[in-house]
file entry-v3.txt (compact mmCIF, C-alpha atoms)
# COMPACT_ATOMS: atom_id res chain seq x y z
CA MET A 15 -21.84 23.76 -26.11
CA THR A 16 -18.98 22.57 -28.29
CA MET A 17 -17.40 19.18 -27.98
CA MET A 18 -13.73 19.17 -27.06
CA ILE A 19 -11.60 16.44 -28.56
CA ASP A 20 -8.50 15.31 -26.68
CA TRP A 21 -6.23 15.21 -29.74
CA ALA A 22 -3.12 14.66 -27.60
CA HIS A 23 -4.31 11.18 -26.56
CA PHE A 24 -6.25 10.30 -29.72
CA THR A 25 -4.94 7.00 -31.19
CA PRO A 26 -7.34 5.98 -33.96
CA TRP A 27 -4.92 3.64 -35.80
CA ALA A 28 -3.62 1.70 -32.80
CA SER A 29 -7.13 1.47 -31.38
CA ALA A 30 -8.65 0.28 -34.65
CA ALA A 31 -5.82 -2.25 -35.13
CA GLY A 32 -6.33 -3.52 -31.57
CA GLY A 33 -10.04 -3.75 -32.29
CA VAL A 34 -9.41 -5.82 -35.42
CA LEU A 35 -7.26 -8.22 -33.35
CA ILE A 36 -10.05 -8.48 -30.77
CA GLY A 37 -12.47 -9.27 -33.60
CA LEU A 38 -10.07 -11.89 -35.00
CA ALA A 39 -9.74 -13.48 -31.56
CA ALA A 40 -13.53 -13.64 -31.24
CA ALA A 41 -13.64 -15.17 -34.74
CA LEU A 42 -11.05 -17.82 -33.76
CA LEU A 43 -12.93 -18.76 -30.60
CA VAL A 44 -16.35 -19.02 -32.21
CA LEU A 45 -15.22 -20.81 -35.38
CA LEU A 46 -12.74 -23.22 -33.75
CA ASN A 47 -14.25 -23.72 -30.29
CA GLY A 48 -17.86 -22.77 -30.93
CA ARG A 49 -17.74 -20.30 -28.04
CA VAL A 50 -18.51 -16.61 -27.61
CA ALA A 51 -15.51 -14.53 -26.49
CA GLY A 52 -17.21 -12.84 -23.56
CA ILE A 53 -14.63 -12.40 -20.82
CA SER A 54 -17.05 -12.08 -17.90
CA GLY A 55 -18.89 -15.19 -19.11
CA ILE A 56 -15.70 -17.21 -19.60
CA VAL A 57 -14.37 -16.27 -16.15
CA GLY A 58 -17.72 -16.36 -14.34
CA GLY A 59 -18.42 -19.73 -15.94
CA LEU A 60 -15.39 -21.15 -14.12
CA LEU A 61 -17.33 -20.79 -10.86
CA VAL A 62 -20.14 -23.05 -12.07
CA ALA A 63 -18.59 -24.97 -14.98
CA ARG A 64 -18.88 -28.70 -15.45
CA ARG A 65 -15.56 -30.52 -15.51
CA SER A 66 -15.46 -30.93 -19.28
CA ASP A 67 -16.05 -27.20 -19.62
CA VAL A 68 -13.16 -25.93 -17.49
CA ALA A 69 -10.10 -26.52 -19.70
CA TRP A 70 -10.91 -24.19 -22.60
CA ARG A 71 -11.91 -21.41 -20.19
CA VAL A 72 -8.64 -21.69 -18.27
CA ALA A 73 -6.68 -21.85 -21.56
CA PHE A 74 -8.34 -18.66 -22.83
CA VAL A 75 -7.56 -16.80 -19.59
CA LEU A 76 -3.95 -18.06 -19.70
CA GLY A 77 -3.76 -16.66 -23.25
CA LEU A 78 -4.91 -13.27 -21.92
CA PHE A 79 -2.28 -13.49 -19.17
CA ALA A 80 0.44 -14.26 -21.73
CA ALA A 81 -0.35 -11.16 -23.79
CA PRO A 82 1.76 -8.70 -21.73
CA LEU A 83 4.74 -11.08 -22.08
CA VAL A 84 4.41 -11.16 -25.86
CA MET A 85 3.99 -7.37 -25.86
CA MET A 86 7.09 -6.75 -23.75
CA PHE A 87 8.53 -4.50 -26.44
CA TYR A 88 5.37 -2.38 -26.50
CA PRO A 89 4.79 0.26 -23.84
CA VAL A 90 1.73 -1.05 -21.96
CA ALA A 91 0.17 1.97 -20.29
CA THR A 92 -1.92 1.24 -17.20
CA ARG A 93 -2.63 4.58 -15.55
CA ILE A 94 -4.87 3.65 -12.61
CA GLU A 95 -6.09 6.82 -10.93
CA ALA A 96 -8.72 5.26 -8.64
CA GLY A 97 -7.79 4.58 -5.01
CA THR A 98 -7.87 1.14 -3.40
CA GLY A 99 -11.36 1.50 -1.94
CA VAL A 100 -12.87 2.71 -5.21
CA LEU A 101 -11.15 -0.12 -7.11
CA VAL A 102 -12.61 -2.76 -4.79
CA LEU A 103 -16.09 -1.23 -5.02
CA ALA A 104 -15.78 -0.98 -8.80
CA GLY A 105 -14.60 -4.60 -9.06
CA LEU A 106 -17.59 -5.80 -7.01
CA LEU A 107 -20.00 -3.78 -9.18
CA VAL A 108 -18.43 -5.11 -12.38
CA GLY A 109 -18.57 -8.71 -11.10
CA ILE A 110 -22.21 -8.46 -9.96
CA GLY A 111 -23.40 -6.33 -12.90
CA THR A 112 -21.87 -8.46 -15.66
CA SER A 113 -23.26 -11.60 -14.00
CA TYR A 114 -26.82 -10.27 -13.94
CA ALA A 115 -26.46 -8.85 -17.46
CA SER A 116 -24.83 -12.09 -18.74
CA GLY A 117 -22.06 -10.12 -20.41
CA CYS A 118 -19.66 -7.19 -20.51
CA THR A 119 -17.89 -5.03 -23.08
CA SER A 120 -16.68 -8.13 -24.98
CA GLY A 121 -19.70 -10.44 -24.72
CA HIS A 122 -22.32 -7.77 -25.41
CA GLY A 123 -20.29 -4.89 -26.86
CA VAL A 124 -18.22 -6.86 -29.38
CA CYS A 125 -19.71 -10.32 -29.90
CA GLY A 126 -23.35 -9.42 -29.22
CA LEU A 127 -23.36 -6.39 -31.50
CA SER A 128 -21.58 -8.49 -34.15
CA ARG A 129 -24.43 -11.02 -33.84
CA LEU A 130 -26.93 -8.13 -34.19
CA SER A 131 -28.50 -9.18 -30.88
CA PRO A 132 -31.17 -6.76 -29.58
CA ARG A 133 -30.32 -7.78 -25.99
CA SER A 134 -26.69 -6.85 -26.50
CA LEU A 135 -27.63 -3.54 -28.11
CA VAL A 136 -29.69 -2.63 -25.03
CA ALA A 137 -26.96 -3.85 -22.67
CA THR A 138 -24.25 -1.89 -24.50
CA ALA A 139 -26.35 1.30 -24.51
CA ALA A 140 -27.03 0.83 -20.78
CA PHE A 141 -23.43 0.26 -19.65
CA MET A 142 -22.12 3.03 -21.91
CA ALA A 143 -24.70 5.48 -20.55
CA ALA A 144 -23.97 4.44 -16.95
CA GLY A 145 -20.21 4.73 -17.52
CA ILE A 146 -20.55 8.18 -19.09
CA ALA A 147 -22.87 9.36 -16.29
CA THR A 148 -20.48 8.04 -13.61
CA VAL A 149 -17.47 9.82 -15.11
CA TYR A 150 -19.53 13.01 -15.54
CA LEU A 151 -20.60 12.99 -11.89
CA LEU A 152 -17.06 12.28 -10.68
CA LYS A 153 -15.41 15.08 -12.67
CA MET B 10 -6.95 -29.22 -29.56
CA ASN B 11 -9.72 -27.12 -28.04
CA VAL B 12 -7.31 -25.97 -25.37
CA PHE B 13 -4.68 -24.74 -27.82
CA THR B 14 -7.13 -22.79 -29.95
CA ALA B 15 -8.71 -21.24 -26.85
CA PHE B 16 -5.23 -20.22 -25.63
CA ALA B 17 -4.44 -18.69 -29.03
CA ALA B 18 -7.74 -16.79 -29.05
CA GLY B 19 -7.05 -15.46 -25.54
CA LEU B 20 -3.55 -14.41 -26.52
CA VAL B 21 -4.69 -12.53 -29.64
CA PHE B 22 -7.53 -10.97 -27.64
CA GLY B 23 -5.08 -9.78 -24.98
CA ILE B 24 -2.66 -8.34 -27.52
CA GLY B 25 -5.60 -6.51 -29.10
CA LEU B 26 -6.61 -5.08 -25.72
CA ILE B 27 -3.07 -3.79 -25.09
CA LEU B 28 -2.63 -2.33 -28.59
CA SER B 29 -6.04 -0.66 -28.51
CA GLY B 30 -5.45 1.19 -25.23
CA MET B 31 -8.23 -0.63 -23.36
CA THR B 32 -5.79 -1.74 -20.64
CA ASP B 33 -5.19 1.91 -19.70
CA PRO B 34 -7.94 3.02 -17.28
CA ALA B 35 -7.12 6.72 -17.75
CA LYS B 36 -7.73 6.30 -21.50
CA VAL B 37 -11.02 4.47 -20.88
CA ILE B 38 -12.18 7.27 -18.58
CA GLY B 39 -11.07 9.79 -21.24
CA PHE B 40 -13.38 7.97 -23.66
CA LEU B 41 -16.32 8.06 -21.24
CA ASP B 42 -15.71 11.75 -20.47
CA ILE B 43 -17.73 13.07 -23.42
CA ALA B 44 -18.54 16.36 -21.65
CA GLY B 45 -14.87 17.04 -20.90
CA ASN B 46 -11.72 16.59 -22.95
CA TRP B 47 -13.04 13.65 -24.98
CA ASP B 48 -10.73 10.94 -26.39
CA PRO B 49 -12.86 9.07 -28.98
CA SER B 50 -10.17 6.39 -29.64
CA LEU B 51 -12.04 3.51 -28.05
CA ALA B 52 -14.95 3.89 -30.47
CA PHE B 53 -12.41 2.74 -33.06
CA VAL B 54 -11.74 -0.41 -31.01
CA MET B 55 -15.39 -1.37 -31.14
CA ALA B 56 -15.67 -0.48 -34.84
CA GLY B 57 -12.58 -2.55 -35.71
CA ALA B 58 -13.73 -5.54 -33.66
CA ILE B 59 -17.29 -5.51 -35.00
CA ALA B 60 -16.09 -5.09 -38.62
CA VAL B 61 -14.44 -8.52 -38.26
CA GLY B 62 -16.97 -9.98 -35.84
CA VAL B 63 -20.02 -9.45 -38.05
CA PHE B 64 -18.61 -11.79 -40.70
CA ALA B 65 -17.28 -14.32 -38.20
CA PHE B 66 -20.59 -14.69 -36.38
CA ALA B 67 -22.66 -14.76 -39.59
CA PHE B 68 -20.39 -17.55 -40.83
CA ALA B 69 -20.54 -19.35 -37.48
CA ARG B 70 -24.34 -19.28 -37.49
CA LYS B 71 -24.44 -20.61 -41.06
CA ARG B 72 -22.03 -23.46 -40.30
CA GLY B 73 -23.84 -24.46 -37.12
CA ALA B 74 -20.80 -26.40 -35.86
CA SER B 75 -17.21 -25.50 -35.03
CA PHE B 76 -14.37 -26.42 -37.43
CA PHE B 77 -13.52 -29.35 -35.18
CA GLY B 78 -17.09 -30.60 -35.31
CA GLY B 79 -18.04 -29.41 -31.84
CA ALA B 80 -21.32 -27.74 -30.96
CA MET B 81 -21.79 -24.04 -31.69
CA HIS B 82 -22.72 -22.39 -28.40
CA LEU B 83 -24.40 -19.19 -29.53
CA PRO B 84 -26.83 -17.31 -27.28
CA THR B 85 -30.44 -17.67 -28.36
CA ARG B 86 -32.27 -15.27 -26.05
CA ARG B 87 -33.67 -12.14 -27.65
CA ASP B 88 -35.87 -10.77 -24.86
CA VAL B 89 -34.89 -7.63 -22.97
CA ASP B 90 -35.56 -7.91 -19.23
CA LEU B 91 -34.88 -5.92 -16.09
CA ARG B 92 -31.91 -8.09 -15.08
CA LEU B 93 -30.18 -7.27 -18.35
CA VAL B 94 -30.70 -3.51 -18.02
CA LEU B 95 -30.01 -3.19 -14.29
CA GLY B 96 -27.02 -5.51 -14.50
CA SER B 97 -25.57 -3.47 -17.36
CA VAL B 98 -26.13 -0.21 -15.44
CA ILE B 99 -24.36 -1.65 -12.37
CA PHE B 100 -21.51 -2.84 -14.59
CA GLY B 101 -21.30 0.58 -16.28
CA ILE B 102 -21.01 2.36 -12.91
CA GLY B 103 -18.11 0.09 -11.93
CA TRP B 104 -16.52 0.57 -15.35
CA GLY B 105 -16.72 4.38 -15.01
CA LEU B 106 -15.40 4.32 -11.42
CA ALA B 107 -12.24 2.33 -12.18
CA GLY B 108 -11.83 2.52 -15.96
CA PHE B 109 -11.53 -1.26 -16.03
CA CYS B 110 -13.81 -3.87 -17.57
CA PRO B 111 -13.09 -7.62 -17.08
CA GLY B 112 -10.67 -8.40 -19.97
CA PRO B 113 -8.35 -5.41 -19.62
CA ALA B 114 -8.26 -5.85 -15.82
CA LEU B 115 -7.07 -9.46 -16.26
CA VAL B 116 -4.39 -8.40 -18.75
CA ALA B 117 -3.22 -5.46 -16.59
CA SER B 118 -2.99 -7.71 -13.52
CA ALA B 119 -0.86 -10.16 -15.51
CA ALA B 120 1.35 -7.20 -16.47
CA GLY B 121 2.10 -6.86 -12.76
CA GLU B 122 -0.31 -4.10 -11.77
CA ILE B 123 -1.18 -4.89 -8.14
CA LYS B 124 -4.18 -2.53 -8.20
CA ALA B 125 -5.56 -4.29 -11.27
CA GLY B 126 -5.16 -7.60 -9.41
CA LEU B 127 -7.16 -6.14 -6.53
CA PHE B 128 -9.92 -5.13 -8.96
CA VAL B 129 -9.94 -8.67 -10.43
CA LEU B 130 -10.22 -10.23 -6.96
CA ALA B 131 -13.17 -7.97 -6.10
CA MET B 132 -14.75 -8.83 -9.46
CA LEU B 133 -14.43 -12.55 -8.75
CA VAL B 134 -16.04 -11.99 -5.34
CA GLY B 135 -18.89 -10.15 -7.07
CA MET B 136 -19.37 -13.05 -9.49
CA ALA B 137 -19.28 -15.55 -6.62
CA MET B 138 -21.89 -13.48 -4.74
CA PHE B 139 -24.15 -13.69 -7.80
CA THR B 140 -23.64 -17.46 -8.06
CA ALA B 141 -24.40 -17.90 -4.36
CA ALA B 142 -27.54 -15.75 -4.64
CA GLU B 143 -28.72 -17.75 -7.66
CA ARG B 144 -28.15 -21.05 -5.85
CA LEU B 145 -30.05 -19.78 -2.82
CA SER B 146 -33.02 -18.60 -4.85
CA SER B 147 -33.24 -21.71 -7.04
CA GLY B 148 -32.12 -24.24 -4.42
CA ALA B 149 -34.53 -23.14 -1.70
CA PRO B 150 -37.40 -25.56 -1.17
CA VAL B 151 -40.33 -24.24 -3.14
CA SER B 152 -43.68 -24.89 -1.55
CA PRO B 153 -46.36 -25.67 -4.11
CA ALA B 154 -49.11 -23.09 -4.33
CA ASP B 155 -51.93 -25.59 -4.46

call {"tool": "encode", "arguments": {"input": "entry-v3.txt", "output": "structure tokens"}}
result
Amino acid sequence: MTMMIDWAHFTPWASAAGGVLIGLAAALLVLLNGRVAGISGIVGGLLVARRSDVAWRVAFVLGLFAAPLVMMFYPVATRIEAGTGVLVLAGLLVGIGTSYASGCTSGHGVCGLSRLSPRSLVATAAFMAAGIATVYLLK
Amino acid sequence: MNVFTAFAAGLVFGIGLILSGMTDPAKVIGFLDIAGNWDPSLAFVMAGAIAVGVFAFAFARKRGASFFGGAMHLPTRRDVDLRLVLGSVIFGIGWGLAGFCPGPALVASAAGEIKAGLFVLAMLVGMAMFTAAERLSSGAPVSPAD
């Protein structure tokens, strides 16, 4: 079996540059706020946060929300192929799964691997494998 | 001050997600489709982010406090348990089904994608279900064994 690469959609430079920005954002948040840039943790924490802990979480999410405005000149592709029912099921699974795993692609995949955390390495391997298996079974 | 720096971090994070292609579910699914017509781009996102992150977190650990003197909230757990693995598998299934993980879904919903907003709502419900389940299991009166 040979691996087929989708050269038509391959964007190594834009993806690496975006990755560097994500890394810089994580650096800002940990060095200035002393917090890990894990999106599921920041958002999920809003449901249980103490009062003093709410403001920075809301501010971070508002920053995320402002990104498409700043990037107005850039074509933001969002090709969503899943139907409504699948999206709702997927959202539930992502909400429940990231809560039990205490992290998602950012918390475990970026920050956790950067911290060389064995937990995050296992989590990242598990969600990557499950994502790959799911797409394989669907196609 | 904390609020402004957190906003700036969120903004840079969001711009990174857009630039990288993570906010495009079809591209994410193309990355996960290793047996089909594979688009390896998103491996470059992780490589780019970790290349910066490794130094940032090593420095953060060494400093032990944030630049504004606040506490450094770094995770300390190192044990691998069933919750971590099963939770990650459940998350991965959802990620593969929709092509969205939490950050990109938030950004895409802010870009006006109704379907991304629907995903975010369902995700919040999932998180609330977890919180409720945790409160039930820890808040229930525990009868002493002896």

call {"tool": "atom_distance", "arguments": {"input": "entry-v3.txt", "atom1": "CA of Arg144 in chain B", "atom2": "CA of Ser134 in chain A"}}
result
25.1 Å

call {"tool": "residues_around", "arguments": {"input": "entry-v3.txt", "residues": "range 120-137 of chain B", "least_positions_apart": "6", "cutoff": "8 Å", "atoms": "all atoms listed in the file", "output": "list in words"}}
result
Gly58, Leu61, Phe79, Pro82, Leu83, Thr92, Ile94, Thr98, Leu101, Val102, Leu103, Ala104, Gly105, Leu106, Leu107, Val108, Gly109, Ile110 and Ser113 of chain A; Pro111 and Ala114 of chain B

call {"tool": "closest_residue", "arguments": {"input": "entry-v3.txt", "among": "B:Leu83, B:Ala142, B:Ala56, B:Ala119", "to": "Gly52 in chain A", "atoms": "only C-alpha atoms"}}
result
B:Leu83

call {"tool": "closest_residue", "arguments": {"input": "entry-v3.txt", "among": "B:Ile24, B:Val12, B:Ile59, B:Val89", "to": "Val68 in chain A", "atoms": "all atoms listed in the file"}}
result
B:Val12

call {"tool": "residues_around", "arguments": {"input": "entry-v3.txt", "residues": "Asp90 in chain B", "least_positions_apart": "5", "cutoff": "10 Å", "atoms": "all atoms listed in the file", "output": "mmCIF file with C-alpha atoms, in the frame of the given file"}}
result
data_model
loop_
_atom_site.group_PDB
_atom_site.id
_atom_site.type_symbol
_atom_site.label_atom_id
_atom_site.label_comp_id
_atom_site.auth_asym_id
_atom_site.auth_seq_id
_atom_site.Cartn_x
_atom_site.Cartn_y
_atom_site.Cartn_z
ATOM 1 C CA ALA A 115 -26.460 -8.850 -17.460
ATOM 2 C CA ARG A 133 -30.320 -7.780 -25.990
ATOM 3 C CA VAL A 136 -29.690 -2.630 -25.030
ATOM 4 C CA LEU B 95 -30.010 -3.190 -14.290
#
